[in-house]
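So this one's target18.cif, mmCIF, C-alpha atoms:
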```
data_coords
loop_
_atom_site.group_PDB
_atom_site.id
_atom_site.type_symbol
_atom_site.label_atom_id
_atom_site.label_comp_id
_atom_site.auth_asym_id
_atom_site.auth_seq_id
_atom_site.Cartn_x
_atom_site.Cartn_y
_atom_site.Cartn_z
ATOM 1 C CA MET A 1 -19.825 -14.401 2.177
ATOM 2 C CA LEU A 2 -19.975 -11.446 -0.171
ATOM 3 C CA LYS A 3 -16.809 -10.435 -1.944
ATOM 4 C CA ARG A 4 -15.869 -6.816 -1.432
ATOM 5 C CA LYS A 5 -16.266 -4.739 -4.584
ATOM 6 C CA GLN A 6 -13.065 -3.154 -5.852
ATOM 7 C CA TYR A 7 -13.003 -0.024 -7.962
ATOM 8 C CA THR A 8 -10.329 0.974 -10.450
ATOM 9 C CA LYS A 9 -8.239 4.083 -10.067
ATOM 10 C CA GLU A 10 -9.935 5.542 -13.160
ATOM 11 C CA PHE A 11 -13.409 4.992 -11.689
ATOM 12 C CA LYS A 12 -12.383 6.694 -8.445
ATOM 13 C CA LEU A 13 -10.879 9.661 -10.266
ATOM 14 C CA ASP A 14 -13.999 10.000 -12.436
ATOM 15 C CA ALA A 15 -16.194 9.908 -9.328
ATOM 16 C CA ILE A 16 -14.053 12.592 -7.683
ATOM 17 C CA SER A 17 -14.290 14.674 -10.845
ATOM 18 C CA LEU A 18 -18.086 14.691 -10.601
ATOM 19 C CA VAL A 19 -17.826 16.440 -7.238
ATOM 20 C CA VAL A 20 -14.749 18.603 -7.687
ATOM 21 C CA ASP A 21 -15.009 19.632 -11.338
ATOM 22 C CA GLN A 22 -18.709 19.352 -12.142
ATOM 23 C CA GLY A 23 -20.060 20.689 -8.855
ATOM 24 C CA LEU A 24 -22.293 17.798 -7.812
ATOM 25 C CA THR A 25 -22.649 17.134 -4.107
ATOM 26 C CA ILE A 26 -21.045 14.017 -2.736
ATOM 27 C CA ALA A 27 -24.487 12.537 -2.093
ATOM 28 C CA GLU A 28 -25.681 13.237 -5.661
ATOM 29 C CA ALA A 29 -22.562 11.798 -7.241
ATOM 30 C CA ALA A 30 -22.656 8.736 -4.986
ATOM 31 C CA ARG A 31 -26.311 8.098 -5.795
ATOM 32 C CA SER A 32 -25.726 8.389 -9.527
ATOM 33 C CA LEU A 33 -22.780 5.957 -9.336
ATOM 34 C CA GLU A 34 -24.570 3.661 -6.876
ATOM 35 C CA ILE A 35 -21.783 3.823 -4.313
ATOM 36 C CA ASN A 36 -21.666 4.846 -0.670
ATOM 37 C CA ALA A 37 -21.354 8.601 -0.065
ATOM 38 C CA GLY A 38 -18.914 8.043 2.802
ATOM 39 C CA MET A 39 -16.648 6.055 0.532
ATOM 40 C CA LEU A 40 -16.698 8.792 -2.108
ATOM 41 C CA GLY A 41 -15.879 11.349 0.574
ATOM 42 C CA ARG A 42 -12.942 9.229 1.684
ATOM 43 C CA TRP A 43 -11.695 8.984 -1.918
ATOM 44 C CA ILE A 44 -11.853 12.772 -2.238
ATOM 45 C CA LYS A 45 -9.894 13.294 0.991
ATOM 46 C CA GLU A 46 -7.289 10.716 -0.014
ATOM 47 C CA ASN A 47 -6.877 12.314 -3.430
ATOM 48 C CA GLN A 48 -6.541 15.815 -1.967
ATOM 49 C CA ALA A 49 -4.008 14.651 0.630
ATOM 50 C CA ASP A 50 -1.898 12.966 -2.068
ATOM 51 C CA ASN A 51 1.057 15.071 -3.163
ATOM 52 C CA ASN A 52 2.967 12.709 -5.415
ATOM 53 C CA GLY A 53 0.494 10.648 -7.438
ATOM 54 C CA GLN A 54 0.375 7.732 -5.018
ATOM 55 C CA ALA A 55 -3.370 7.824 -4.278
ATOM 56 C CA PHE A 56 -5.254 4.673 -5.245
ATOM 57 C CA ARG A 57 -2.147 2.565 -5.871
ATOM 58 C CA GLY A 58 -4.067 -0.667 -5.487
ATOM 59 C CA ASN A 59 -3.247 -3.832 -3.624
ATOM 60 C CA GLY A 60 0.390 -4.737 -3.484
ATOM 61 C CA LYS A 61 1.694 -1.584 -5.122
ATOM 62 C CA LEU A 62 4.137 -0.015 -2.702
ATOM 63 C CA THR A 63 5.419 3.521 -2.596
ATOM 64 C CA PRO A 64 9.152 3.853 -3.325
ATOM 65 C CA GLU A 65 9.800 4.357 0.399
ATOM 66 C CA GLN A 66 7.803 1.258 1.336
ATOM 67 C CA GLU A 67 9.626 -0.777 -1.311
ATOM 68 C CA GLU A 68 13.013 0.388 0.018
ATOM 69 C CA ILE A 69 11.998 -0.528 3.586
ATOM 70 C CA ARG A 70 10.858 -3.960 2.411
ATOM 71 C CA CYS A 71 14.194 -4.552 0.633
ATOM 72 C CA LEU A 72 16.202 -3.365 3.650
ATOM 73 C CA LYS A 73 14.249 -5.631 6.003
ATOM 74 C CA LEU A 74 14.867 -8.575 3.703
ATOM 75 C CA GLU A 75 18.591 -7.775 3.518
ATOM 76 C CA ASN A 76 18.748 -7.379 7.308
ATOM 77 C CA LYS A 77 17.113 -10.778 7.797
ATOM 78 C CA GLN A 78 19.616 -12.373 5.382
ATOM 79 C CA LEU A 79 22.589 -10.776 7.142
ATOM 80 C CA LYS A 80 21.367 -11.941 10.563
ATOM 81 C CA LEU A 81 21.029 -15.477 9.215
ATOM 82 C CA GLU A 82 24.549 -15.369 7.753
ATOM 83 C CA LYS A 83 25.932 -14.029 11.052
ATOM 84 C CA GLN A 84 24.239 -16.857 12.971
ATOM 85 C CA ILE A 85 25.680 -19.453 10.576
ATOM 86 C CA LEU A 86 29.184 -18.001 11.003
ATOM 87 C CA LYS A 87 28.844 -18.043 14.803
ATOM 88 C CA GLU A 88 27.793 -21.689 14.745
ATOM 89 C CA ALA A 89 30.611 -22.588 12.348
ATOM 90 C CA ALA A 90 33.146 -20.844 14.595
ATOM 91 C CA GLY A 91 31.804 -22.775 17.598
ATOM 92 C CA ILE A 92 32.102 -26.089 15.759
ATOM 93 C CA GLU A 93 35.624 -25.181 14.617
ATOM 94 C CA ALA A 94 36.647 -24.329 18.190
ATOM 95 C CA ARG A 95 35.325 -27.657 19.523
ATOM 96 C CA GLU A 96 37.135 -29.633 16.819
ATOM 97 C CA THR A 97 40.509 -28.065 17.569
ATOM 98 C CA LYS A 98 40.395 -29.137 21.249
#
```
For the file at hand, write its structure as structure tokens.
Amino acid sequence: MLKRKQYTKEFKLDAISLVVDQGLTIAEAARSLEINAGMLGRWIKENQADNNGQAFRGNGKLTPEQEEIRCLKLENKQLKLEKQILKEAAGIEARETK
């Protein structure tokens, strides 16, 4: 099985620059870089839609909002576990006092 090729953020930004700044067509730029034109078009759209520098973060790099959600979910899971433990302990305590 072929491993999917991954491109750096710098490579993507340079490829976008060929189209946006230097005036090449997407097809010309893609041919010269030996990449798929559709992929380059997608990179351009993603870069233009990005408002806060989060385009091309890479694998595992979360936005601040995603990181906060991840932390809150983890905390919620921990609190539910603690609540369950306390319920079970209270049930055991009630049975022992009978």
Inset, instruction - In Å, rounded to a single decimal, give me how far atom CA of Ile16 of chain A is from atom CA of Gln48 of chain A. - result: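 Atom CA of Ile16 of chain A lies 10.0 Å from atom CA of Gln48 of chain A.
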Legend entry - Long-range neighbours of Lys9 of chain A as a VMD selection string, 6 Å cut-off, only C-alpha atoms, 2 positions minimum in chain: chain A and resid 11 to 12 56
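With atom CA of Glu75 of chain A on one side and atom CA of Ala55 of chain A on the other, the separation reads 28.0 Å.
Taking atom CA of Gly23 of chain A and atom CA of Lys5 of chain A as endpoints, the distance between them is 26.1 Å.
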Legend entry - Distance query segment 18-20 of chain A at most 9 Å, all atoms listed in the file, self and fewer than 6 positions along chain excluded, as a count of residues only: 4
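The shortest atom-to-atom distance to Leu40 of chain A, with all atoms listed in the file taken into account, belongs to A:Tyr7 out of A:Glu68, A:Leu79, A:Leu62, A:Tyr7.
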Would you fill the gaps in segment 67-79 of chain A so it has N, CA and C atoms, then print it as a short mmCIF file (atom, residue, chain, number, x, y, z; two decimals), in the frame of the given file?
```cif
data_model
loop_
_atom_site.label_atom_id
_atom_site.label_comp_id
_atom_site.auth_asym_id
_atom_site.auth_seq_id
_atom_site.Cartn_x
_atom_site.Cartn_y
_atom_site.Cartn_z
N GLU A 67 8.85 0.24 -0.59
CA GLU A 67 9.63 -0.78 -1.31
C GLU A 67 11.06 -0.83 -0.78
N GLU A 68 11.65 0.34 -0.52
CA GLU A 68 13.01 0.39 0.02
C GLU A 68 13.06 -0.25 1.41
N ILE A 69 12.06 0.06 2.25
CA ILE A 69 12.00 -0.53 3.59
C ILE A 69 11.87 -2.04 3.49
N ARG A 70 11.02 -2.51 2.58
CA ARG A 70 10.86 -3.96 2.41
C ARG A 70 12.18 -4.61 2.02
N CYS A 71 12.90 -4.00 1.08
CA CYS A 71 14.19 -4.55 0.63
C CYS A 71 15.22 -4.54 1.76
N LEU A 72 15.24 -3.45 2.55
CA LEU A 72 16.20 -3.36 3.65
C LEU A 72 15.90 -4.39 4.74
N LYS A 73 14.62 -4.62 5.01
CA LYS A 73 14.25 -5.63 6.00
C LYS A 73 14.66 -7.02 5.53
N LEU A 74 14.47 -7.29 4.26
CA LEU A 74 14.87 -8.57 3.70
C LEU A 74 16.38 -8.76 3.78
N GLU A 75 17.13 -7.72 3.45
CA GLU A 75 18.59 -7.78 3.52
C GLU A 75 19.05 -7.96 4.96
N ASN A 76 18.41 -7.26 5.89
CA ASN A 76 18.75 -7.38 7.31
C ASN A 76 18.53 -8.81 7.80
N LYS A 77 17.42 -9.40 7.41
CA LYS A 77 17.11 -10.78 7.80
C LYS A 77 18.18 -11.73 7.26
N GLN A 78 18.59 -11.54 6.01
CA GLN A 78 19.62 -12.37 5.38
C GLN A 78 20.95 -12.23 6.11
N LEU A 79 21.32 -11.01 6.45
CA LEU A 79 22.59 -10.78 7.14
C LEU A 79 22.59 -11.39 8.54
#
```
